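Heads up, the thing below is written out as structure tokens.
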Amino acid sequence: MSLPKTDPTRTESWKLLKEHYAALKSEHLRTLFSEDPGRAAQFRIEWGEFLIDYSKNRITPKTMDLLQRLAVECGLEEAIKKYFEGDRINETEDRAVLHTALRAASGNSLYLDGGDIMLEVEAVQKQMETFSNAVIRGERKGYTGKAFTDVVNIGIGGSDLGPVMVTDALKYYQNHLNIHFVSNVDGDHVYEILRHLNPETTLFIVVSKSFTTQETLTNALTIKKWFLKKATEKDVALHFAAVSTNTEQISSFGISETNVFPMWDWVGGRFSLWSAVGLSICLGIGYANFSELLEGARGMDRHFQQTPFERNIPVVLGLLSIWYNNFFGAETEAVIPYSQYLQHLPAYLQQGVMESNGKRADRNGNAVTYQTGTIIWGAPGTNSQHAFFQLIHQGTKLIPADFIGFKKPLHGDMDHHHKLMANFFAQTEALMNGKTPEEVAAELRDQGLEEEAVANLLPFKVFEGNKPTNTLLIESLTPANLGALIAMYEHKIFVQGVIWNIFSYDQWGVELGKQLAKTILVELQRSSTGNHDSSTVQLMSAYQSPQA
Ligand SMILES: O=P(O)(O)OC[C@H]1O[C@H](O)[C@H](O)[C@@H](O)[C@@H]1O
């Protein structure tokens with residue numbers, strides 16, 4: 001059974017949304033607020049430790065109603081069922097999409113191809129728990145009998161970004177193990193990290209769903225060679241573990257079978273941090289915290305499955321994003337966490353969102369006639385305020401933004417936290433209200449400026465406002481809340497993919513570059529320039545020519 005294949009632009013609600021957009025596009029948020037005192041209360045969702053305020057969006061109740069009708073017309077409800085039940089919704093790869101099973105409650109069953117996958121999921125979780133406990137407690141030792149102090153995750157893309165983001169986000173909960181990440185095939189990445197490590201006390205985890213990824217295999221081999229300068233081949237079994245679906249390839253690397261953590265083709269790389277791909281997370285924060293991360297995600301899964309669209313966080317956020325992308329013509333979306341711990345969230349979401357929904361063929365194989373795949377970018381507040389906020393406030397582009405903040409700081413310093421959060425609230429208020437020419441003029445006159453100077457400066461000091469934001473105010477940055485936050489974005493991706501009528505779970509667009517790089521690598525190794533366009537030949541020969 002496949003997902004519905006509805007062209008969203010052919011629905012009745014799309015037509016109505018277009019008309020509604022024409023009527024609403026010039027409306028200022030300031031007016032919408034002043035006309036409706038109940039607006040903030042109407043456009044908010046409270047869920048567990050989350051408060052989502054989406055009232056600072058360019059919407060009216062009618063907008064939300066029409067967007068929800070669009071979701072209904074595109075078969076979202078049926079699609080959600082199929083997603084969670086393990087239908088092969090990743091049709092172009094003929095796979096189910098079941099990262100949600102990785103965080104499902106234990107004791108449940110989920111059958112795929114006749115087998116209960118929950119049994120395998122739980123067996124791997126047990127294996128992760130045992131392994132991480134032994135390493136953390138120092139019971140599992142290196143080849144000279146010393147406990148491990150450092151862990152290196154070797155992986156790229158989904159086998160890196162999730163673990164990097166979560167490990168950093170939950171640093172507050174971290175134990176004594178230092179977790180490092182090697183991803184880039186740039187040798188300077190791996191050598192820089194190795195420089196600070198002692199082979200006797202370092203554990204390496206090679207993470208690759210396919211176990212064919214050039215970057216990861218190259219880095220793993222370089223690290224193994226480095227390790228063997230001090231240790232012997234049989235010590236590899238003590239210091240190397242692997243996570244993959246491709247278990248045969250692993251044994252040829254010398255990794256002992258007991259250190260192999262399986263994963264499955266129904267887990268997409270960019271949704272895999274909940275699987276054994278998250279082993280480095282689990283080592284860093286301990287299994288109990290890792291389980292809480294899963295539990296938080298499970299809560300969001302339930303919310304997404306069971307809540308009517310109008311109060312369903314991922315549905316509402318997904319629809320708002322479609323509103324801006326397809327009606328206002330916004331091309332990008334910013335994610336601004338007011339938490340230094342979440343500094344890697346935008347990069348993590350870039351893969352999640354852009355690899356999933358950056359597609360131009362619809363589910364019928366036709367080229368879409370509308371925009372898909374928002375461009376995601378961002379950086380933590382307050383730093384980003386001092387960097388790119390100028391453009392969001394006064395530039396020419398419409399950039400809807402998610403502001404993510406926490407009520408309680410982890411280190412408990414309320415002086416810092418009030419300052420941080422004052423900025424958090426001020427920015428969304430400023431983006432919404434802007435500053436009118438009248439307000440600017442009055443302010444300049446108050447400063448004692450002459451009328452001519454006021455007139456000259458005025459255009460530069462006006463803020464148009466009307467910039468939409470969502471505010472996510474969360475109790476505190478716990479493993480469970482982080483799990484829920486990540487799952488929220490995963491489901492938002494799903495919602496948008498369903499409505500855009502695209503396949504969100506394949507990534508054919510990454511293949512072409514890889515293929516060409518293989519050819520070029522052979523040419524570089526043979527000091528040739530091969531048969532390419534004149535620009536590529538020119539660049540390759542410049543690269544290969546000896547320095548003058
Ligand atoms: O885990 P691996 O098989 O090594 O794959 C690593 C990454 O490489 C690919 O290029 C994909 O675009 C990513 O989705 C994937 O996460």
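Letters for chains follow the order of the structure tokens (A, B, ...), residue numbers begin at 1 for each chain, and ligand numbers begin at 1 in the order shown.
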
Next item on the list: Mind checking which residues fall within 8 Å of segment 300-312 of chain A, counting only C-alpha atoms, ignoring those fewer than 5 positions away in the same chain, and posting them as a ChimeraX atom specification?
Entry: /A:45,64,68,80-81,100,484-485,487-488,491

Next item on the list: Would you return as a PyMOL selection string the members of segment 29-234 of chain A that DSSP assigns to strand (DSSP E or B) on this structure's backbone?
Entry: chain A and resi 44-47+50-53+90+95+111-112+115-116+141+147+150-154+178-182+202-207

Can I get the selected residues back with N, CA and C atoms, as an mmCIF file, in the first residue's frame?
```
data_model
loop_
_atom_site.group_PDB
_atom_site.id
_atom_site.type_symbol
_atom_site.label_atom_id
_atom_site.label_comp_id
_atom_site.auth_asym_id
_atom_site.auth_seq_id
_atom_site.Cartn_x
_atom_site.Cartn_y
_atom_site.Cartn_z
ATOM 1 N N ARG A 44 -1.840 28.833 20.137
ATOM 2 C CA ARG A 44 -0.796 28.264 20.978
ATOM 3 C C ARG A 44 -1.139 26.807 21.246
ATOM 4 N N ILE A 45 -0.093 26.027 21.461
ATOM 5 C CA ILE A 45 -0.306 24.628 21.824
ATOM 6 C C ILE A 45 0.549 24.353 23.047
ATOM 7 N N GLU A 46 -0.089 23.824 24.069
ATOM 8 C CA GLU A 46 0.678 23.397 25.245
ATOM 9 C C GLU A 46 0.726 21.894 25.219
ATOM 10 N N TRP A 47 1.909 21.379 25.379
ATOM 11 C CA TRP A 47 2.047 19.915 25.349
ATOM 12 C C TRP A 47 3.209 19.532 26.263
ATOM 13 N N PHE A 50 6.290 21.620 26.752
ATOM 14 C CA PHE A 50 6.424 22.518 25.598
ATOM 15 C C PHE A 50 5.269 23.519 25.553
ATOM 16 N N LEU A 51 5.631 24.758 25.231
ATOM 17 C CA LEU A 51 4.605 25.730 24.853
ATOM 18 C C LEU A 51 4.991 26.243 23.467
ATOM 19 N N ILE A 52 4.086 26.035 22.519
ATOM 20 C CA ILE A 52 4.348 26.520 21.162
ATOM 21 C C ILE A 52 3.428 27.715 20.934
ATOM 22 N N ASP A 53 4.021 28.875 20.738
ATOM 23 C CA ASP A 53 3.231 30.060 20.424
ATOM 24 C C ASP A 53 3.459 30.359 18.945
ATOM 25 N N ASN A 90 8.731 4.447 1.548
ATOM 26 C CA ASN A 90 9.920 4.840 0.780
ATOM 27 C C ASN A 90 9.907 3.976 -0.481
ATOM 28 N N ARG A 95 11.256 0.435 0.736
ATOM 29 C CA ARG A 95 11.522 0.237 2.159
ATOM 30 C C ARG A 95 10.452 0.883 3.037
ATOM 31 N N TYR A 111 5.177 -6.022 13.029
ATOM 32 C CA TYR A 111 5.584 -7.037 12.047
ATOM 33 C C TYR A 111 5.959 -6.405 10.713
ATOM 34 N N LEU A 112 7.112 -6.821 10.240
ATOM 35 C CA LEU A 112 7.571 -6.377 8.926
ATOM 36 C C LEU A 112 8.073 -7.634 8.216
ATOM 37 N N GLY A 115 8.241 -10.836 10.291
ATOM 38 C CA GLY A 115 9.014 -10.926 11.546
ATOM 39 C C GLY A 115 8.676 -9.751 12.475
ATOM 40 N N ASP A 116 8.785 -9.985 13.766
ATOM 41 C CA ASP A 116 8.534 -8.906 14.729
ATOM 42 C C ASP A 116 9.822 -8.097 14.902
ATOM 43 N N LYS A 141 38.215 -2.927 28.891
ATOM 44 C CA LYS A 141 39.490 -2.211 28.873
ATOM 45 C C LYS A 141 40.183 -2.318 27.526
ATOM 46 N N ALA A 147 41.409 1.486 31.313
ATOM 47 C CA ALA A 147 40.016 1.825 30.976
ATOM 48 C C ALA A 147 40.014 2.869 29.853
ATOM 49 N N ASP A 150 38.456 7.906 25.912
ATOM 50 C CA ASP A 150 38.011 8.623 24.717
ATOM 51 C C ASP A 150 37.274 7.684 23.764
ATOM 52 N N VAL A 151 36.315 8.256 23.072
ATOM 53 C CA VAL A 151 35.555 7.488 22.076
ATOM 54 C C VAL A 151 35.551 8.308 20.793
ATOM 55 N N VAL A 152 35.824 7.642 19.670
ATOM 56 C CA VAL A 152 35.773 8.356 18.392
ATOM 57 C C VAL A 152 34.698 7.724 17.516
ATOM 58 N N ASN A 153 33.738 8.547 17.119
ATOM 59 C CA ASN A 153 32.702 8.102 16.191
ATOM 60 C C ASN A 153 33.188 8.426 14.776
ATOM 61 N N ILE A 154 33.315 7.378 13.967
ATOM 62 C CA ILE A 154 33.772 7.584 12.581
ATOM 63 C C ILE A 154 32.561 7.376 11.672
ATOM 64 N N ASN A 178 35.386 11.289 26.816
ATOM 65 C CA ASN A 178 35.429 12.362 25.808
ATOM 66 C C ASN A 178 34.994 11.768 24.475
ATOM 67 N N ILE A 179 34.009 12.397 23.870
ATOM 68 C CA ILE A 179 33.507 11.846 22.597
ATOM 69 C C ILE A 179 33.976 12.742 21.449
ATOM 70 N N HIS A 180 34.577 12.112 20.449
ATOM 71 C CA HIS A 180 35.082 12.859 19.283
ATOM 72 C C HIS A 180 34.384 12.351 18.018
ATOM 73 N N PHE A 181 34.411 13.190 16.999
ATOM 74 C CA PHE A 181 33.755 12.802 15.744
ATOM 75 C C PHE A 181 34.686 13.059 14.573
ATOM 76 N N VAL A 182 34.898 12.026 13.781
ATOM 77 C CA VAL A 182 35.659 12.190 12.543
ATOM 78 C C VAL A 182 34.695 11.913 11.403
ATOM 79 N N THR A 202 41.593 4.601 23.779
ATOM 80 C CA THR A 202 40.582 5.132 22.857
ATOM 81 C C THR A 202 39.788 4.006 22.193
ATOM 82 N N LEU A 203 38.490 4.210 22.179
ATOM 83 C CA LEU A 203 37.572 3.258 21.546
ATOM 84 C C LEU A 203 37.061 3.895 20.252
ATOM 85 N N PHE A 204 37.044 3.111 19.182
ATOM 86 C CA PHE A 204 36.593 3.651 17.892
ATOM 87 C C PHE A 204 35.310 2.959 17.454
ATOM 88 N N ILE A 205 34.357 3.763 17.025
ATOM 89 C CA ILE A 205 33.116 3.170 16.507
ATOM 90 C C ILE A 205 32.974 3.582 15.049
ATOM 91 N N VAL A 206 32.995 2.592 14.174
ATOM 92 C CA VAL A 206 32.818 2.884 12.753
ATOM 93 C C VAL A 206 31.321 2.784 12.469
ATOM 94 N N VAL A 207 30.746 3.903 12.070
ATOM 95 C CA VAL A 207 29.292 3.937 11.875
ATOM 96 C C VAL A 207 28.982 4.214 10.411
#
```

Item checked: All residues having an atom within 9 Å of ligand 1 (only C-alpha atoms and all ligand atoms) as an MDAnalysis selection string -> chainID A and resid 155:161 207:217 243:245 268:272 277 351:352 355:356 506:511 514

Item checked: Surrounding residues of Gly75 of chain A excluding itself and chain neighbours under 5 positions, 9 Å, only C-alpha atoms, as an NGL selection string -> :A and (3-6 or 70 or 80 or 498-499)

Would you mind exporting the chosen residues as a PDB file, in the first residue's frame, restricted to C-alpha atoms?
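Final output, saved to selection.pdb:
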```pdb
ATOM      1  CA  LEU A   3       0.931   6.934   0.043  1.00  0.00           C
ATOM      2  CA  PRO A   4      -1.767   8.943  -1.699  1.00  0.00           C
ATOM      3  CA  LYS A   5      -0.516  10.725  -4.812  1.00  0.00           C
ATOM      4  CA  THR A   6      -2.493  13.928  -4.750  1.00  0.00           C
ATOM      5  CA  LEU A  70      -5.297  20.915   2.557  1.00  0.00           C
ATOM      6  CA  ILE A  80       0.475   8.975   9.191  1.00  0.00           C
ATOM      7  CA  VAL A 498       3.059  14.159   2.144  1.00  0.00           C
ATOM      8  CA  ILE A 499       1.507  17.472   1.131  1.00  0.00           C
TER       9      ILE A 499
END
```

Notebook entry, point to check: Got a sec: who's within 8 Å of Thr382 of chain A, counting only C-alpha atoms, leaving out chain neighbours fewer than 2 positions off, as an NGL selection string?
Noted result: :A and (338 or 380 or 384-386 or 420 or 423-424)

Go through segment 459-524 of chain A and flag each residue having an atom no more than 10 Å from segment 19-39 of chain A; for those, report the closest pair of atoms plus their distance in Å to one decimal, using only C-alpha atoms, ordered by chain and rising number, as CSV.
```
residue,atom,partner,partner_atom,distance
A:Glu464,CA,A:His28,CA,9.4
A:Gly465,CA,A:His28,CA,8.0
A:Asn466,CA,A:Leu29,CA,5.4
A:Lys467,CA,A:Leu29,CA,8.2
A:Pro468,CA,A:Leu29,CA,8.4
```

Now that the selection is made, can you save its residues with C-alpha atoms as a PDB file, in the first residue's frame?
```pdb
ATOM      1  CA  GLU A 464       8.969  47.014   8.360  1.00  0.00           C
ATOM      2  CA  GLY A 465       8.151  44.246  10.874  1.00  0.00           C
ATOM      3  CA  ASN A 466       5.575  41.620   9.928  1.00  0.00           C
ATOM      4  CA  LYS A 467       8.274  38.929  10.065  1.00  0.00           C
ATOM      5  CA  PRO A 468       6.790  35.631  11.151  1.00  0.00           C
TER       6      PRO A 468
END
```

Check: Could you work out how far atom CA of Thr130 of chain A lies from atom CA of Asp113 of chain A, giving the answer in Å with one decimal?
Finding: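 Atom-to-atom, atom CA of Asp113 of chain A to atom CA of Thr130 of chain A, that is 28.7 Å.
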
Next item on the list: From a DSSP calculation on the backbone, collect every residue of segment 142-176 of chain A in helix (DSSP H, G or I) and output the set as a list of chain:residue names.
Entry: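 The helix (DSSP H, G or I) residues within segment 142-176 of chain A come out as A:Gly157, A:Gly158, A:Ser159, A:Leu161, A:Gly162, A:Pro163, A:Val164, A:Met165, A:Val166, A:Thr167, A:Asp168, A:Ala169, A:Lys171, A:Tyr172, A:Tyr173.
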
Next, the residues of the selection above should be written as a PDB file, in the first residue's frame with N, CA and C atoms.
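Saved file selection-v4.pdb follows:
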```pdb
ATOM      1  N   GLY A 157      27.365  12.215   7.421  1.00  0.00           N
ATOM      2  CA  GLY A 157      25.923  12.371   7.135  1.00  0.00           C
ATOM      3  C   GLY A 157      25.122  11.942   8.346  1.00  0.00           C
ATOM      4  N   GLY A 158      24.158  11.102   8.136  1.00  0.00           N
ATOM      5  CA  GLY A 158      23.312  10.635   9.233  1.00  0.00           C
ATOM      6  C   GLY A 158      24.078   9.838  10.271  1.00  0.00           C
ATOM      7  N   SER A 159      25.224   9.322   9.899  1.00  0.00           N
ATOM      8  CA  SER A 159      26.025   8.549  10.852  1.00  0.00           C
ATOM      9  C   SER A 159      26.956   9.451  11.661  1.00  0.00           C
ATOM     10  N   LEU A 161      25.914  13.466  11.985  1.00  0.00           N
ATOM     11  CA  LEU A 161      25.241  14.713  12.399  1.00  0.00           C
ATOM     12  C   LEU A 161      24.333  14.559  13.620  1.00  0.00           C
ATOM     13  N   GLY A 162      23.588  13.466  13.677  1.00  0.00           N
ATOM     14  CA  GLY A 162      22.708  13.236  14.831  1.00  0.00           C
ATOM     15  C   GLY A 162      23.540  13.039  16.095  1.00  0.00           C
ATOM     16  N   PRO A 163      24.482  12.078  16.079  1.00  0.00           N
ATOM     17  CA  PRO A 163      25.334  11.910  17.258  1.00  0.00           C
ATOM     18  C   PRO A 163      26.087  13.184  17.650  1.00  0.00           C
ATOM     19  N   VAL A 164      26.604  13.934  16.706  1.00  0.00           N
ATOM     20  CA  VAL A 164      27.308  15.189  17.032  1.00  0.00           C
ATOM     21  C   VAL A 164      26.348  16.142  17.736  1.00  0.00           C
ATOM     22  N   MET A 165      25.187  16.318  17.140  1.00  0.00           N
ATOM     23  CA  MET A 165      24.238  17.300  17.671  1.00  0.00           C
ATOM     24  C   MET A 165      23.789  16.899  19.076  1.00  0.00           C
ATOM     25  N   VAL A 166      23.396  15.637  19.236  1.00  0.00           N
ATOM     26  CA  VAL A 166      22.852  15.225  20.538  1.00  0.00           C
ATOM     27  C   VAL A 166      23.946  15.189  21.612  1.00  0.00           C
ATOM     28  N   THR A 167      25.125  14.708  21.247  1.00  0.00           N
ATOM     29  CA  THR A 167      26.206  14.656  22.231  1.00  0.00           C
ATOM     30  C   THR A 167      26.508  16.051  22.761  1.00  0.00           C
ATOM     31  N   ASP A 168      26.519  17.019  21.858  1.00  0.00           N
ATOM     32  CA  ASP A 168      26.797  18.378  22.290  1.00  0.00           C
ATOM     33  C   ASP A 168      25.614  18.960  23.063  1.00  0.00           C
ATOM     34  N   ALA A 169      24.412  18.679  22.581  1.00  0.00           N
ATOM     35  CA  ALA A 169      23.216  19.225  23.234  1.00  0.00           C
ATOM     36  C   ALA A 169      23.100  18.708  24.669  1.00  0.00           C
ATOM     37  N   LYS A 171      25.618  17.682  26.670  1.00  0.00           N
ATOM     38  CA  LYS A 171      26.932  17.727  27.331  1.00  0.00           C
ATOM     39  C   LYS A 171      26.810  17.874  28.841  1.00  0.00           C
ATOM     40  N   TYR A 172      25.785  18.572  29.254  1.00  0.00           N
ATOM     41  CA  TYR A 172      25.560  18.781  30.688  1.00  0.00           C
ATOM     42  C   TYR A 172      25.408  17.442  31.408  1.00  0.00           C
ATOM     43  N   TYR A 173      24.911  16.444  30.686  1.00  0.00           N
ATOM     44  CA  TYR A 173      24.649  15.134  31.300  1.00  0.00           C
ATOM     45  C   TYR A 173      25.807  14.168  31.057  1.00  0.00           C
TER      46      TYR A 173
END
```

Note to self: Residues near Ile117 of chain A, anyone? I mean within 10 Å using only C-alpha atoms, not counting same-chain ones fewer than 4 positions away, as a list in words.
What the structure shows: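 Residues near the query, excluding close chain neighbours: Leu98, Ala101, Leu102, Asn108, Ser109, Leu110, Tyr111, Leu112, Asp113, Val121, Glu122, Ala123 and Trp264 of chain A.
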
If you keep N, CA and C atoms, can you produce a file of those selected residues as a JSON list (two decimals), in the first residue's frame?
```
[["chain", "number", "residue", "atom", "x", "y", "z"],
["A", 98, "LEU", "N", 10.78, 3.31, 9.52],
["A", 98, "LEU", "CA", 10.34, 2.97, 10.88],
["A", 98, "LEU", "C", 11.26, 3.45, 11.99],
["A", 101, "ALA", "N", 9.88, 3.04, 15.33],
["A", 101, "ALA", "CA", 9.91, 1.75, 16.05],
["A", 101, "ALA", "C", 11.09, 1.70, 17.02],
["A", 102, "LEU", "N", 12.13, 2.48, 16.72],
["A", 102, "LEU", "CA", 13.34, 2.45, 17.56],
["A", 102, "LEU", "C", 13.08, 3.05, 18.93],
["A", 108, "ASN", "N", 5.92, -4.15, 22.82],
["A", 108, "ASN", "CA", 4.99, -4.10, 21.69],
["A", 108, "ASN", "C", 5.53, -4.93, 20.53],
["A", 109, "SER", "N", 4.67, -5.25, 19.61],
["A", 109, "SER", "CA", 5.13, -5.99, 18.41],
["A", 109, "SER", "C", 4.88, -5.14, 17.18],
["A", 110, "LEU", "N", 5.75, -5.25, 16.22],
["A", 110, "LEU", "CA", 5.54, -4.59, 14.94],
["A", 110, "LEU", "C", 6.08, -5.53, 13.86],
["A", 111, "TYR", "N", 5.18, -6.02, 13.03],
["A", 111, "TYR", "CA", 5.58, -7.04, 12.05],
["A", 111, "TYR", "C", 5.96, -6.40, 10.71],
["A", 112, "LEU", "N", 7.11, -6.82, 10.24],
["A", 112, "LEU", "CA", 7.57, -6.38, 8.93],
["A", 112, "LEU", "C", 8.07, -7.63, 8.22],
["A", 113, "ASP", "N", 7.56, -7.88, 7.05],
["A", 113, "ASP", "CA", 7.91, -9.09, 6.29],
["A", 113, "ASP", "C", 7.79, -10.35, 7.17],
["A", 121, "VAL", "N", 14.95, -4.86, 17.69],
["A", 121, "VAL", "CA", 15.24, -3.52, 18.23],
["A", 121, "VAL", "C", 15.64, -3.64, 19.69],
["A", 122, "GLU", "N", 14.85, -4.41, 20.44],
["A", 122, "GLU", "CA", 15.14, -4.53, 21.87],
["A", 122, "GLU", "C", 16.43, -5.28, 22.13],
["A", 123, "ALA", "N", 16.75, -6.25, 21.28],
["A", 123, "ALA", "CA", 18.00, -7.00, 21.47],
["A", 123, "ALA", "C", 19.20, -6.05, 21.26],
["A", 264, "TRP", "N", 19.01, -1.50, 10.42],
["A", 264, "TRP", "CA", 18.14, -2.08, 9.42],
["A", 264, "TRP", "C", 17.84, -1.10, 8.30]]
```

Considering only C-alpha atoms, return as a compact mmCIF listing (two decimals) with C-alpha atoms, in the first residue's frame whatever protein or nucleic-acid residues lie within 10 Å of Glu200 of chain A, sequence-local ones (same chain, fewer than 6 positions apart) excluded.
```txt
# COMPACT_ATOMS: atom_id res chain seq x y z
CA LYS A 141 39.49 -2.21 28.87
CA GLY A 142 41.96 -1.47 26.12
CA TYR A 143 44.87 -3.66 25.00
CA THR A 144 47.18 -2.56 27.81
CA GLY A 145 44.53 -3.10 30.50
CA LYS A 146 43.60 0.56 30.88
CA ALA A 147 40.02 1.83 30.98
CA PHE A 148 38.81 3.89 28.02
CA THR A 149 38.88 7.66 28.29
CA ASP A 150 38.01 8.62 24.72
CA PHE A 227 46.36 2.25 15.98
CA LYS A 230 51.38 0.78 18.70
CA ALA A 231 49.02 -2.17 18.96
CA ASP A 235 43.89 -5.68 19.65
CA HIS A 239 39.22 -1.12 20.37
```

Note to self: Show me, as a VMD selection string, the residues that have an atom within 6 Å of segment 359-375 of chain A when counting only C-alpha atoms, minus same-chain residues fewer than 5 positions from it.
What the structure shows: chain A and resid 5 331 to 332 354 501 to 502

Using only C-alpha atoms, please write the residues we just selected to a file, as a short mmCIF file (atom, residue, chain, number, x, y, z; two decimals), in the first residue's frame.
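Saved as part-v8.cif:
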```cif
data_model
loop_
_atom_site.label_atom_id
_atom_site.label_comp_id
_atom_site.auth_asym_id
_atom_site.auth_seq_id
_atom_site.Cartn_x
_atom_site.Cartn_y
_atom_site.Cartn_z
CA LYS A 5 -0.52 10.72 -4.81
CA GLU A 331 12.69 30.09 0.23
CA THR A 332 14.40 29.62 3.55
CA MET A 354 16.91 19.26 2.80
CA ASN A 501 3.48 14.72 -2.89
CA ILE A 502 7.14 13.80 -2.90
#
```

For segment 36-74 of chain A against segment 425-441 of chain A, with a cut-off of 12 Å and counting only C-alpha atoms, what is the closest atom pair and its distance in Å to one decimal for every residue that makes the cut, ordered by chain and number, as a Markdown table?
```
| residue | atom | partner | partner_atom | distance |
| --- | --- | --- | --- | --- |
| A:Asp53 | CA | A:Thr428 | CA | 10.9 |
| A:Tyr54 | CA | A:Thr428 | CA | 10.9 |
| A:Ser55 | CA | A:Met432 | CA | 10.2 |
| A:Lys56 | CA | A:Met432 | CA | 6.6 |
| A:Asn57 | CA | A:Met432 | CA | 8.5 |
| A:Arg58 | CA | A:Met432 | CA | 9.5 |
```

Just the selected residues (C-alpha atoms), exported as an mmCIF file, in the first residue's frame, please.
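This is the output file part_12.cif:
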```cif
data_model
loop_
_atom_site.group_PDB
_atom_site.id
_atom_site.type_symbol
_atom_site.label_atom_id
_atom_site.label_comp_id
_atom_site.auth_asym_id
_atom_site.auth_seq_id
_atom_site.Cartn_x
_atom_site.Cartn_y
_atom_site.Cartn_z
ATOM 1 C CA ASP A 53 3.231 30.060 20.424
ATOM 2 C CA TYR A 54 2.572 30.430 16.712
ATOM 3 C CA SER A 55 0.480 33.573 16.976
ATOM 4 C CA LYS A 56 3.267 35.721 15.471
ATOM 5 C CA ASN A 57 2.542 34.214 12.069
ATOM 6 C CA ARG A 58 0.782 35.901 9.170
#
```

Next item on the list: Find, counting only C-alpha atoms, the residue in A:Val335, A:Leu319, A:Ile223, A:Val353 that gets nearest to Ser504 of chain A.
Entry: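 Closest residue, counting only C-alpha atoms: A:Val353.
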